[in-house]
>>> print(open('coords.cif').read())   # mmCIF, C-alpha atoms
data_upload
#
loop_
_atom_site.label_atom_id
_atom_site.label_comp_id
_atom_site.auth_asym_id
_atom_site.auth_seq_id
_atom_site.Cartn_x
_atom_site.Cartn_y
_atom_site.Cartn_z
CA VAL X 1 -95.97 -150.54 62.64
CA LEU X 2 -95.79 -152.70 65.78
CA ASP X 3 -93.54 -155.23 64.07
CA GLU X 4 -91.20 -152.49 62.83
CA MET X 5 -90.92 -151.00 66.32
CA VAL X 6 -90.22 -154.39 67.89
CA GLN X 7 -87.57 -155.12 65.25
CA LEU X 8 -85.98 -151.71 65.83
CA SER X 9 -85.90 -152.13 69.60
CA SER X 10 -84.55 -155.68 69.42
CA THR X 11 -81.42 -154.74 67.45
CA GLY X 12 -79.76 -153.81 70.72
CA ILE X 13 -81.61 -152.37 73.69
CA ASP X 14 -80.45 -148.97 74.88
CA LYS X 15 -82.09 -145.96 76.49
CA LYS X 16 -83.62 -144.87 73.18
CA SER X 17 -85.06 -148.28 72.37
CA LEU X 18 -86.36 -148.53 75.94
CA VAL X 19 -88.86 -145.84 75.00
CA ALA X 20 -89.88 -147.94 71.99
CA TYR X 21 -90.35 -150.95 74.23
CA GLY X 22 -92.64 -148.99 76.52
CA THR X 23 -94.66 -147.73 73.57
CA VAL X 24 -95.06 -151.19 72.07
CA MET X 25 -95.95 -152.69 75.46
CA ARG X 26 -98.75 -150.16 75.83
CA LEU X 27 -100.05 -151.00 72.36
CA TRP X 28 -99.99 -154.75 73.03
CA ALA X 29 -101.73 -154.19 76.37
CA ARG X 30 -104.48 -152.11 74.76
CA GLN X 31 -104.98 -154.83 72.15
CA MET X 32 -105.28 -157.42 74.94
CA GLN X 33 -102.07 -159.21 73.92
CA PRO X 34 -100.57 -159.84 77.39
CA LEU X 35 -98.09 -162.50 76.30
CA ARG X 36 -96.50 -160.13 73.80
CA ALA X 37 -96.33 -157.31 76.34
CA GLU X 38 -94.80 -159.70 78.88
CA LYS X 39 -92.24 -160.93 76.31
CA LEU X 40 -90.96 -157.38 75.86
CA LEU X 41 -90.73 -156.95 79.63
CA GLN X 42 -88.67 -160.14 79.82
CA ASP X 43 -86.40 -158.88 77.02
CA LEU X 44 -85.57 -155.88 79.16
CA TRP X 45 -84.74 -158.05 82.16
CA ASP X 46 -82.59 -160.31 79.98
CA SER X 47 -80.64 -157.25 78.91
CA CYS X 48 -80.23 -156.21 82.57
CA ASP X 49 -79.08 -159.70 83.53
CA ASN X 50 -76.42 -159.37 80.82
CA GLY X 51 -75.11 -156.22 82.48
CA ASN X 52 -77.10 -153.50 80.72
CA TRP X 53 -78.85 -151.93 83.73
CA SER X 54 -79.59 -148.74 81.82
CA VAL X 55 -82.79 -150.39 80.55
CA GLU X 56 -84.08 -151.59 83.92
CA PRO X 57 -87.90 -151.88 83.78
CA ASP X 58 -89.67 -149.52 86.14
CA VAL X 59 -92.95 -150.00 87.99
CA ILE X 60 -94.86 -148.31 85.16
CA LEU X 61 -93.75 -150.95 82.63
CA TYR X 62 -94.72 -153.69 85.07
CA HIS X 63 -98.14 -152.14 85.52
CA ILE X 64 -98.58 -152.03 81.75
CA ALA X 65 -97.76 -155.74 81.54
CA LEU X 66 -100.21 -156.55 84.36
CA GLN X 67 -103.24 -154.65 83.06
CA PRO X 68 -104.37 -156.92 80.20
CA TRP X 69 -104.13 -160.02 82.44
CA SER X 70 -106.34 -158.20 84.93
CA ALA X 71 -109.13 -157.62 82.40
CA ILE X 72 -109.32 -161.14 80.94
CA GLY X 73 -111.41 -162.55 83.80
CA THR X 74 -110.15 -166.14 83.98
CA LEU X 75 -108.34 -168.08 86.69
CA PRO X 76 -105.26 -168.74 84.49
CA ALA X 77 -105.02 -164.99 83.81
CA CYS X 78 -105.15 -164.30 87.57
CA GLU X 79 -102.40 -166.83 88.17
CA LYS X 80 -100.27 -165.32 85.41
CA LEU X 81 -100.68 -161.83 86.86
CA LEU X 82 -99.86 -163.12 90.34
CA ALA X 83 -96.69 -164.77 89.01
CA LEU X 84 -95.57 -161.48 87.44
CA LEU X 85 -96.26 -159.61 90.65
CA ARG X 86 -94.32 -162.17 92.70
CA GLN X 87 -91.45 -161.95 90.22
CA MET X 88 -91.26 -158.22 90.81
CA GLU X 89 -91.44 -158.72 94.60
CA ASP X 90 -88.67 -161.35 94.48
CA ARG X 91 -86.36 -159.11 92.44
CA HIS X 92 -86.95 -156.27 94.88
CA LYS X 93 -86.18 -158.49 97.89
CA ARG X 94 -82.91 -159.63 96.31
CA ASN X 95 -82.03 -156.06 95.39
CA PRO X 96 -83.92 -153.31 97.29
CA LYS X 97 -82.74 -150.78 94.70
CA LEU X 98 -85.03 -152.40 92.13
CA PRO X 99 -88.63 -151.15 91.94
CA SER X 100 -91.28 -152.81 94.07
CA PRO X 101 -94.96 -153.20 93.09
CA ASN X 102 -97.06 -150.21 94.07
CA HIS X 103 -100.76 -150.06 94.88
CA TYR X 104 -101.64 -149.74 91.19
CA CYS X 105 -99.95 -153.09 90.54
CA TYR X 106 -101.76 -154.70 93.46
CA ASN X 107 -105.04 -153.13 92.38
CA SER X 108 -104.57 -154.93 89.05
CA LEU X 109 -104.44 -158.21 90.97
CA VAL X 110 -107.51 -157.25 93.01
CA SER X 111 -109.35 -156.48 89.76
CA ALA X 112 -108.22 -159.76 88.23
CA TRP X 113 -109.64 -161.78 91.13
CA ALA X 114 -112.85 -159.74 91.02
CA ASN X 115 -113.24 -160.24 87.26
CA CYS X 116 -112.95 -164.02 87.54
CA GLY X 117 -115.46 -164.23 90.41
CA ARG X 118 -113.05 -164.83 93.29
CA PRO X 119 -113.98 -162.16 95.86
CA GLU X 120 -112.26 -164.02 98.70
CA GLU X 121 -108.93 -163.76 96.85
CA ALA X 122 -109.58 -160.09 96.06
CA GLU X 123 -110.14 -159.37 99.75
CA LYS X 124 -107.09 -161.47 100.69
CA THR X 125 -104.98 -159.25 98.41
CA LEU X 126 -106.44 -156.14 100.07
CA ARG X 127 -105.37 -157.51 103.48
CA GLU X 128 -101.92 -158.32 102.10
CA MET X 129 -101.57 -154.70 100.95
CA TRP X 130 -102.35 -153.48 104.47
CA HIS X 131 -99.81 -155.94 105.89
CA LEU X 132 -97.09 -154.65 103.58
CA TYR X 133 -98.03 -151.05 104.41
CA ASN X 134 -98.30 -151.43 108.18
CA ASN X 135 -95.67 -154.09 108.94
CA GLU X 136 -93.04 -153.64 106.25
CA GLY X 137 -93.15 -149.90 105.74
CA ARG X 138 -94.22 -150.21 102.11
CA LYS X 139 -95.94 -146.84 101.79
CA ASN X 140 -96.44 -147.30 98.05
CA VAL X 141 -98.88 -150.21 98.49
CA LYS X 142 -101.40 -148.48 100.76
CA PRO X 143 -104.88 -149.50 99.57
CA ASP X 144 -106.95 -146.68 98.15
CA LEU X 145 -110.68 -146.21 97.74
CA ALA X 146 -110.58 -147.99 94.38
CA THR X 147 -109.10 -151.09 96.07
CA TYR X 148 -112.01 -151.27 98.51
CA THR X 149 -114.64 -150.54 95.88
CA ILE X 150 -113.34 -153.32 93.60
CA VAL X 151 -113.48 -155.83 96.47
CA MET X 152 -116.97 -154.66 97.44
CA TRP X 153 -118.18 -155.07 93.86
CA ALA X 154 -116.63 -158.54 93.71
CA TRP X 155 -118.62 -159.62 96.77
CA SER X 156 -121.81 -157.83 95.70
CA LYS X 157 -122.01 -159.89 92.50
CA ILE X 158 -122.32 -163.13 94.48
CA GLY X 159 -125.75 -162.27 95.89
CA SER X 160 -125.88 -164.10 99.23
CA GLU X 161 -126.19 -163.26 102.92
CA VAL X 162 -122.48 -163.95 103.35
CA SER X 163 -121.50 -161.66 100.47
CA LEU X 164 -123.83 -158.91 101.73
CA SER X 165 -122.23 -159.08 105.18
CA LYS X 166 -118.79 -158.84 103.55
CA VAL X 167 -119.75 -155.71 101.61
CA LYS X 168 -121.30 -154.17 104.72
CA GLN X 169 -118.15 -154.84 106.73
CA LEU X 170 -115.87 -153.35 104.05
CA PHE X 171 -118.09 -150.27 103.86
CA GLN X 172 -118.01 -149.98 107.65
CA ASP X 173 -114.22 -150.33 107.64
CA LEU X 174 -114.03 -147.33 105.31
CA SER X 175 -116.48 -145.33 107.41
CA ASP X 176 -114.47 -145.99 110.58
CA MET X 177 -111.15 -144.82 109.13
CA ASN X 178 -109.63 -141.51 110.15
CA ASP X 179 -108.12 -141.11 106.67
CA SER X 180 -110.32 -138.70 104.68
CA THR X 181 -109.07 -140.17 101.38
CA LEU X 182 -110.65 -143.51 102.33
CA LYS X 183 -114.12 -142.32 103.28
CA PRO X 184 -116.92 -143.96 101.22
CA ASP X 185 -117.73 -142.08 98.02
CA ALA X 186 -120.52 -142.57 95.48
CA SER X 187 -118.84 -145.68 94.03
CA ALA X 188 -118.60 -147.33 97.45
CA TYR X 189 -122.25 -146.48 98.17
CA HIS X 190 -123.21 -147.86 94.76
CA ALA X 191 -121.50 -151.18 95.55
CA LEU X 192 -123.30 -151.45 98.89
CA ILE X 193 -126.63 -150.49 97.32
CA ALA X 194 -126.08 -153.14 94.64
CA ALA X 195 -125.40 -155.76 97.32
CA TYR X 196 -128.62 -154.87 99.15
CA GLY X 197 -130.41 -154.83 95.80
CA ARG X 198 -129.35 -158.39 95.01
CA ASP X 199 -130.75 -159.37 98.40
CA GLY X 200 -134.06 -157.64 97.62
CA LYS X 201 -133.75 -155.08 100.42
CA ALA X 202 -135.32 -152.09 98.67
CA ASP X 203 -135.80 -150.11 101.88
CA LYS X 204 -132.07 -150.24 102.63
CA CYS X 205 -131.27 -149.23 99.04
CA VAL X 206 -133.48 -146.16 99.31
CA ALA X 207 -132.09 -145.24 102.74
CA LEU X 208 -128.53 -145.42 101.44
CA LEU X 209 -129.40 -143.40 98.33
CA GLU X 210 -131.00 -140.77 100.56
CA GLU X 211 -127.94 -140.75 102.84
CA LEU X 212 -125.61 -140.34 99.87
CA TRP X 213 -127.75 -137.60 98.37
CA ASN X 214 -127.88 -135.66 101.66
CA HIS X 215 -124.11 -135.96 101.91
CA TYR X 216 -123.78 -134.50 98.43
CA ARG X 217 -126.23 -131.69 99.20
CA ARG X 218 -124.27 -130.85 102.34
CA THR X 219 -120.75 -130.95 100.87
CA LYS X 220 -121.37 -130.12 97.17
CA ASN X 221 -118.53 -132.58 96.52
CA PRO X 222 -119.02 -134.40 93.17
CA ARG X 223 -117.40 -137.52 94.68
CA PHE X 224 -120.65 -138.07 96.58
CA LYS X 225 -123.08 -137.38 93.76
CA PRO X 226 -125.15 -140.47 92.84
CA ASN X 227 -125.27 -141.24 89.13
CA SER X 228 -128.06 -142.65 86.97
CA ALA X 229 -126.77 -146.23 87.42
CA THR X 230 -127.25 -145.96 91.18
CA TYR X 231 -130.81 -144.69 90.73
CA LYS X 232 -131.51 -147.57 88.34
CA VAL X 233 -130.34 -150.18 90.86
CA VAL X 234 -132.64 -148.70 93.48
CA ARG X 235 -135.66 -148.46 91.17
CA ASP X 236 -135.12 -151.98 89.82
CA THR X 237 -134.95 -153.34 93.36
CA ILE X 238 -138.24 -151.63 94.24
CA ASP X 239 -139.93 -152.86 91.05
CA LYS X 240 -138.76 -156.48 91.45
CA ASN X 241 -139.92 -156.86 95.05
CA ASP X 242 -143.59 -156.69 95.97
CA LEU X 243 -143.29 -154.57 99.10
CA PRO X 244 -146.16 -152.83 100.96
CA THR X 245 -144.03 -149.67 101.08
CA ALA X 246 -143.15 -149.74 97.36
CA LYS X 247 -145.08 -146.55 96.54
CA GLU X 248 -143.50 -144.59 99.37
CA LEU X 249 -140.03 -145.82 98.44
CA ALA X 250 -140.54 -144.98 94.78
CA GLU X 251 -141.75 -141.50 95.72
CA THR X 252 -138.63 -140.91 97.83
CA VAL X 253 -136.44 -141.87 94.86
CA ARG X 254 -138.50 -139.65 92.56
CA VAL X 255 -138.02 -136.65 94.86
CA ILE X 256 -134.27 -137.23 95.12
CA TRP X 257 -134.00 -137.62 91.36
CA GLY X 258 -136.02 -134.42 90.85
CA ASP X 259 -133.79 -132.51 93.27
CA GLY X 260 -130.77 -133.82 91.40
CA GLN X 261 -132.07 -132.65 88.05
CA GLU X 262 -132.87 -129.22 89.52
CA ILE X 263 -129.37 -128.83 90.99
CA GLN X 264 -127.84 -130.07 87.75
CA SER X 265 -129.81 -127.42 85.84
CA ASP X 266 -128.63 -124.73 88.27
CA GLU X 267 -125.02 -125.88 87.85
CA ARG X 268 -125.33 -125.64 84.07
CA SER X 269 -126.72 -122.13 84.37
CA SER X 270 -123.91 -121.02 86.66
CA GLY X 271 -121.23 -122.74 84.61
CA THR X 272 -120.20 -125.12 87.41
CA PHE X 273 -121.82 -128.28 86.03
CA GLN X 274 -119.51 -131.32 85.87
CA LEU X 275 -120.22 -134.61 84.19
#
>>> encode(input="coords.cif", output="structure tokens")
Amino acid sequence: VLDEMVQLSSTGIDKKSLVAYGTVMRLWARQMQPLRAEKLLQDLWDSCDNGNWSVEPDVILYHIALQPWSAIGTLPACEKLLALLRQMEDRHKRNPKLPSPNHYCYNSLVSAWANCGRPEEAEKTLREMWHLYNNEGRKNVKPDLATYTIVMWAWSKIGSEVSLSKVKQLFQDLSDMNDSTLKPDASAYHALIAAYGRDGKADKCVALLEELWNHYRRTKNPRFKPNSATYKVVRDTIDKNDLPTAKELAETVRVIWGDGQEIQSDERSSGTFQL
């Protein structure tokens, strides 16, 4: 089916076959075939360069081409994604009417660096996004909460004092912002808890879990509800570190977990429960 669609769309690209190109690109991306998705993107640009601007690739098609490179988790894949992103930036600079990369495109690059164990590059990309937003008026590249969480997770996986301080600073940056859409949510707390967990600081893990839970109890906002993975990180940190306060910490987690199960049961009964 893929081959037939490619053959159909390559007989002469027009608006109708542009839809076919987008469909096939999505299929190649889902099958982790980034070179094939990228080839179709280049076909569209070749057609534009020959004067057929009716098939100009939009930012969505670029994002589709970037996604599989982001998930591969190797340095060559990061470099390939970066090259595609720079290509899009260069075309936009030469012709401002052409689409520019948005924050979803840049988040793909952040994820790529995180997946290949390069947190410093992930954070560098985050800072570049802020530069574009603040200094060049590029409102479409404003970092979102996902951007920060990805960078925090990238650092948390390193497991060192330096990486812990990086995660703490990123979390603090979010907390200090006036933008309500960038306030730390459960995912950001989870990343910070994981960083403390790797450093064996069970007391800090429990304190953060308690803080997150109290925030959820106060707001009833599901964005702040800790999930089972967060509880597991905290319990594993307690179990792996022989601390004199281990019993007290474990009891605090048990109480929070029990409260969570009770609220979850009440939500089911009232019909407001959300997974």
>>> residues_near_point(input="coords.cif", point="(-111.3, -156.6, 102.4)", cutoff="12 Å", atoms="all atoms listed in the file", output="PyMOL selection string")
chain X and resi 110+114+119-130+143-155+163+165-174
>>> write_last_selection(input="coords.cif", atoms="C-alpha atoms", output="compact mmCIF listing (two decimals), in the frame of the given file")
# COMPACT_ATOMS: atom_id res chain seq x y z
CA VAL X 110 -107.51 -157.25 93.01
CA ALA X 114 -112.85 -159.74 91.02
CA PRO X 119 -113.98 -162.16 95.86
CA GLU X 120 -112.26 -164.02 98.70
CA GLU X 121 -108.93 -163.76 96.85
CA ALA X 122 -109.58 -160.09 96.06
CA GLU X 123 -110.14 -159.37 99.75
CA LYS X 124 -107.09 -161.47 100.69
CA THR X 125 -104.98 -159.25 98.41
CA LEU X 126 -106.44 -156.14 100.07
CA ARG X 127 -105.37 -157.51 103.48
CA GLU X 128 -101.92 -158.32 102.10
CA MET X 129 -101.57 -154.70 100.95
CA TRP X 130 -102.35 -153.48 104.47
CA PRO X 143 -104.88 -149.50 99.57
CA ASP X 144 -106.95 -146.68 98.15
CA LEU X 145 -110.68 -146.21 97.74
CA ALA X 146 -110.58 -147.99 94.38
CA THR X 147 -109.10 -151.09 96.07
CA TYR X 148 -112.01 -151.27 98.51
CA THR X 149 -114.64 -150.54 95.88
CA ILE X 150 -113.34 -153.32 93.60
CA VAL X 151 -113.48 -155.83 96.47
CA MET X 152 -116.97 -154.66 97.44
CA TRP X 153 -118.18 -155.07 93.86
CA ALA X 154 -116.63 -158.54 93.71
CA TRP X 155 -118.62 -159.62 96.77
CA SER X 163 -121.50 -161.66 100.47
CA SER X 165 -122.23 -159.08 105.18
CA LYS X 166 -118.79 -158.84 103.55
CA VAL X 167 -119.75 -155.71 101.61
CA LYS X 168 -121.30 -154.17 104.72
CA GLN X 169 -118.15 -154.84 106.73
CA LEU X 170 -115.87 -153.35 104.05
CA PHE X 171 -118.09 -150.27 103.86
CA GLN X 172 -118.01 -149.98 107.65
CA ASP X 173 -114.22 -150.33 107.64
CA LEU X 174 -114.03 -147.33 105.31
>>> atom_distance(input="coords.cif", atom1="CA of Tyr21 in chain X", atom2="CA of Pro57 in chain X")
9.9 Å
>>> resolve_selection(input="coords.cif", expression="the PyMOL selection byres ((chain X and resi 225) around 8)", output="PyMOL selection string")
chain X and resi 186+212-213+216+221-224+226-227
>>> resolve_selection(input="coords.cif", expression="the PyMOL selection byres ((chain X and resi 207) around 12)", output="PDB file with C-alpha atoms, in the coordinates of the input")
ATOM      1  CA  TYR X 189    -122.250-146.480  98.170  1.00  0.00           C
ATOM      2  CA  LEU X 192    -123.300-151.450  98.890  1.00  0.00           C
ATOM      3  CA  ILE X 193    -126.630-150.490  97.320  1.00  0.00           C
ATOM      4  CA  TYR X 196    -128.620-154.870  99.150  1.00  0.00           C
ATOM      5  CA  GLY X 197    -130.410-154.830  95.800  1.00  0.00           C
ATOM      6  CA  LYS X 201    -133.750-155.080 100.420  1.00  0.00           C
ATOM      7  CA  ALA X 202    -135.320-152.090  98.670  1.00  0.00           C
ATOM      8  CA  ASP X 203    -135.800-150.110 101.880  1.00  0.00           C
ATOM      9  CA  LYS X 204    -132.070-150.240 102.630  1.00  0.00           C
ATOM     10  CA  CYS X 205    -131.270-149.230  99.040  1.00  0.00           C
ATOM     11  CA  VAL X 206    -133.480-146.160  99.310  1.00  0.00           C
ATOM     12  CA  LEU X 208    -128.530-145.420 101.440  1.00  0.00           C
ATOM     13  CA  LEU X 209    -129.400-143.400  98.330  1.00  0.00           C
ATOM     14  CA  GLU X 210    -131.000-140.770 100.560  1.00  0.00           C
ATOM     15  CA  GLU X 211    -127.940-140.750 102.840  1.00  0.00           C
ATOM     16  CA  LEU X 212    -125.610-140.340  99.870  1.00  0.00           C
ATOM     17  CA  TRP X 213    -127.750-137.600  98.370  1.00  0.00           C
ATOM     18  CA  ASN X 214    -127.880-135.660 101.660  1.00  0.00           C
ATOM     19  CA  VAL X 234    -132.640-148.700  93.480  1.00  0.00           C
ATOM     20  CA  GLU X 248    -143.500-144.590  99.370  1.00  0.00           C
ATOM     21  CA  LEU X 249    -140.030-145.820  98.440  1.00  0.00           C
ATOM     22  CA  ALA X 250    -140.540-144.980  94.780  1.00  0.00           C
ATOM     23  CA  THR X 252    -138.630-140.910  97.830  1.00  0.00           C
ATOM     24  CA  VAL X 253    -136.440-141.870  94.860  1.00  0.00           C
ATOM     25  CA  ILE X 256    -134.270-137.230  95.120  1.00  0.00           C
TER      26      ILE X 256
END
>>> residues_near_point(input="coords.cif", point="(-80.1, -151.5, 84.3)", cutoff="12 Å", atoms="all atoms listed in the file", output="list in words")
Ile13, Asp14, Lys15, Leu18, Leu44, Trp45, Asp46, Ser47, Cys48, Asp49, Asn50, Gly51, Asn52, Trp53, Ser54, Val55, Glu56, Pro57, Asp58, Lys97, Leu98 and Pro99 of chain X
>>> write_last_selection(input="coords.cif", atoms="C-alpha atoms", output="compact mmCIF listing (two decimals), keeping the file's coordinate frame")
# COMPACT_ATOMS: atom_id res chain seq x y z
CA ILE X 13 -81.61 -152.37 73.69
CA ASP X 14 -80.45 -148.97 74.88
CA LYS X 15 -82.09 -145.96 76.49
CA LEU X 18 -86.36 -148.53 75.94
CA LEU X 44 -85.57 -155.88 79.16
CA TRP X 45 -84.74 -158.05 82.16
CA ASP X 46 -82.59 -160.31 79.98
CA SER X 47 -80.64 -157.25 78.91
CA CYS X 48 -80.23 -156.21 82.57
CA ASP X 49 -79.08 -159.70 83.53
CA ASN X 50 -76.42 -159.37 80.82
CA GLY X 51 -75.11 -156.22 82.48
CA ASN X 52 -77.10 -153.50 80.72
CA TRP X 53 -78.85 -151.93 83.73
CA SER X 54 -79.59 -148.74 81.82
CA VAL X 55 -82.79 -150.39 80.55
CA GLU X 56 -84.08 -151.59 83.92
CA PRO X 57 -87.90 -151.88 83.78
CA ASP X 58 -89.67 -149.52 86.14
CA LYS X 97 -82.74 -150.78 94.70
CA LEU X 98 -85.03 -152.40 92.13
CA PRO X 99 -88.63 -151.15 91.94
>>> atom_distance(input="coords.cif", atom1="CA of Glu251 in chain X", atom2="CA of Glu161 in chain X")
27.7 Å
>>> closest_residue(input="coords.cif", among="X:Ala229, X:Cys105, X:Ile238, X:Leu132", to="Gln67 in chain X", atoms="all atoms listed in the file")
X:Cys105
>>> resolve_selection(input="coords.cif", expression="the PyMOL selection byres ((chain X and resi 81) around 12)", output="ChimeraX atom specification")
/X:34-35,38,62-80,82-88,105-113
>>> axis_aligned_box(input="coords.cif", around="range 205-212 of chain X", padding_each_side="6 Å", output="AutoDock Vina command-line options")
--center_x -129.5 --center_y -144.8 --center_z 100.6 --size_x 19.9 --size_y 20.9 --size_z 16.5
>>> closest_residue(input="coords.cif", among="X:Trp257, X:Ala188, X:Thr219, X:Lys183", to="Arg235 in chain X", atoms="all atoms listed in the file")
X:Trp257
>>> decode(input="coords.cif", residues="range 44-52 of chain X", atoms="all heavy atoms", output="PDB file, in the first residue's frame")
ATOM      1  N   LEU X  44       9.029  17.239  -2.075  1.00  0.00           N
ATOM      2  CA  LEU X  44       8.137  18.406  -2.083  1.00  0.00           C
ATOM      3  C   LEU X  44       8.930  19.691  -2.297  1.00  0.00           C
ATOM      4  O   LEU X  44       8.516  20.564  -3.070  1.00  0.00           O
ATOM      5  CB  LEU X  44       7.360  18.469  -0.763  1.00  0.00           C
ATOM      6  CG  LEU X  44       6.364  17.331  -0.513  1.00  0.00           C
ATOM      7  CD1 LEU X  44       5.767  17.454   0.895  1.00  0.00           C
ATOM      8  CD2 LEU X  44       5.252  17.336  -1.551  1.00  0.00           C
ATOM      9  N   TRP X  45      10.070  19.808  -1.635  1.00  0.00           N
ATOM     10  CA  TRP X  45      10.887  21.008  -1.823  1.00  0.00           C
ATOM     11  C   TRP X  45      11.443  21.088  -3.242  1.00  0.00           C
ATOM     12  O   TRP X  45      11.538  22.174  -3.825  1.00  0.00           O
ATOM     13  CB  TRP X  45      12.026  21.046  -0.802  1.00  0.00           C
ATOM     14  CG  TRP X  45      11.613  21.606   0.525  1.00  0.00           C
ATOM     15  CD1 TRP X  45      11.700  20.992   1.740  1.00  0.00           C
ATOM     16  CD2 TRP X  45      11.042  22.883   0.773  1.00  0.00           C
ATOM     17  NE1 TRP X  45      11.212  21.801   2.733  1.00  0.00           N
ATOM     18  CE2 TRP X  45      10.803  22.981   2.166  1.00  0.00           C
ATOM     19  CE3 TRP X  45      10.684  23.966  -0.044  1.00  0.00           C
ATOM     20  CZ2 TRP X  45      10.239  24.112   2.750  1.00  0.00           C
ATOM     21  CZ3 TRP X  45      10.128  25.100   0.544  1.00  0.00           C
ATOM     22  CH2 TRP X  45       9.913  25.169   1.929  1.00  0.00           C
ATOM     23  N   ASP X  46      11.802  19.938  -3.801  1.00  0.00           N
ATOM     24  CA  ASP X  46      12.289  19.931  -5.195  1.00  0.00           C
ATOM     25  C   ASP X  46      11.213  20.454  -6.130  1.00  0.00           C
ATOM     26  O   ASP X  46      11.503  21.204  -7.077  1.00  0.00           O
ATOM     27  CB  ASP X  46      12.700  18.508  -5.604  1.00  0.00           C
ATOM     28  CG  ASP X  46      13.974  18.055  -4.902  1.00  0.00           C
ATOM     29  OD1 ASP X  46      14.688  18.914  -4.358  1.00  0.00           O
ATOM     30  OD2 ASP X  46      14.234  16.829  -4.895  1.00  0.00           O
ATOM     31  N   SER X  47       9.957  20.056  -5.864  1.00  0.00           N
ATOM     32  CA  SER X  47       8.857  20.535  -6.689  1.00  0.00           C
ATOM     33  C   SER X  47       8.672  22.045  -6.527  1.00  0.00           C
ATOM     34  O   SER X  47       8.426  22.765  -7.503  1.00  0.00           O
ATOM     35  CB  SER X  47       7.562  19.798  -6.309  1.00  0.00           C
ATOM     36  OG  SER X  47       6.507  20.153  -7.169  1.00  0.00           O
ATOM     37  N   CYS X  48       8.826  22.534  -5.289  1.00  0.00           N
ATOM     38  CA  CYS X  48       8.732  23.980  -5.047  1.00  0.00           C
ATOM     39  C   CYS X  48       9.849  24.725  -5.776  1.00  0.00           C
ATOM     40  O   CYS X  48       9.624  25.772  -6.398  1.00  0.00           O
ATOM     41  CB  CYS X  48       8.805  24.269  -3.550  1.00  0.00           C
ATOM     42  SG  CYS X  48       7.364  23.751  -2.608  1.00  0.00           S
ATOM     43  N   ASP X  49      11.060  24.178  -5.696  1.00  0.00           N
ATOM     44  CA  ASP X  49      12.202  24.828  -6.341  1.00  0.00           C
ATOM     45  C   ASP X  49      12.043  24.884  -7.861  1.00  0.00           C
ATOM     46  O   ASP X  49      12.661  25.726  -8.529  1.00  0.00           O
ATOM     47  CB  ASP X  49      13.499  24.093  -5.975  1.00  0.00           C
ATOM     48  CG  ASP X  49      13.852  24.254  -4.492  1.00  0.00           C
ATOM     49  OD1 ASP X  49      13.346  25.211  -3.871  1.00  0.00           O
ATOM     50  OD2 ASP X  49      14.614  23.426  -3.962  1.00  0.00           O
ATOM     51  N   ASN X  50      11.206  23.978  -8.382  1.00  0.00           N
ATOM     52  CA  ASN X  50      10.917  23.979  -9.820  1.00  0.00           C
ATOM     53  C   ASN X  50       9.712  24.854 -10.165  1.00  0.00           C
ATOM     54  O   ASN X  50       9.209  24.814 -11.289  1.00  0.00           O
ATOM     55  CB  ASN X  50      10.693  22.553 -10.315  1.00  0.00           C
ATOM     56  CG  ASN X  50      11.983  21.746 -10.352  1.00  0.00           C
ATOM     57  OD1 ASN X  50      13.057  22.289 -10.602  1.00  0.00           O
ATOM     58  ND2 ASN X  50      11.871  20.444 -10.079  1.00  0.00           N
ATOM     59  N   GLY X  51       9.233  25.608  -9.176  1.00  0.00           N
ATOM     60  CA  GLY X  51       8.159  26.560  -9.435  1.00  0.00           C
ATOM     61  C   GLY X  51       6.780  26.157  -8.969  1.00  0.00           C
ATOM     62  O   GLY X  51       5.825  26.933  -9.094  1.00  0.00           O
ATOM     63  N   ASN X  52       6.638  24.949  -8.429  1.00  0.00           N
ATOM     64  CA  ASN X  52       5.322  24.487  -7.991  1.00  0.00           C
ATOM     65  C   ASN X  52       5.145  24.739  -6.492  1.00  0.00           C
ATOM     66  O   ASN X  52       5.248  23.835  -5.664  1.00  0.00           O
ATOM     67  CB  ASN X  52       5.167  22.989  -8.302  1.00  0.00           C
ATOM     68  CG  ASN X  52       3.784  22.474  -7.935  1.00  0.00           C
ATOM     69  OD1 ASN X  52       2.865  23.247  -7.693  1.00  0.00           O
ATOM     70  ND2 ASN X  52       3.633  21.158  -7.897  1.00  0.00           N
TER      71      ASN X  52
END
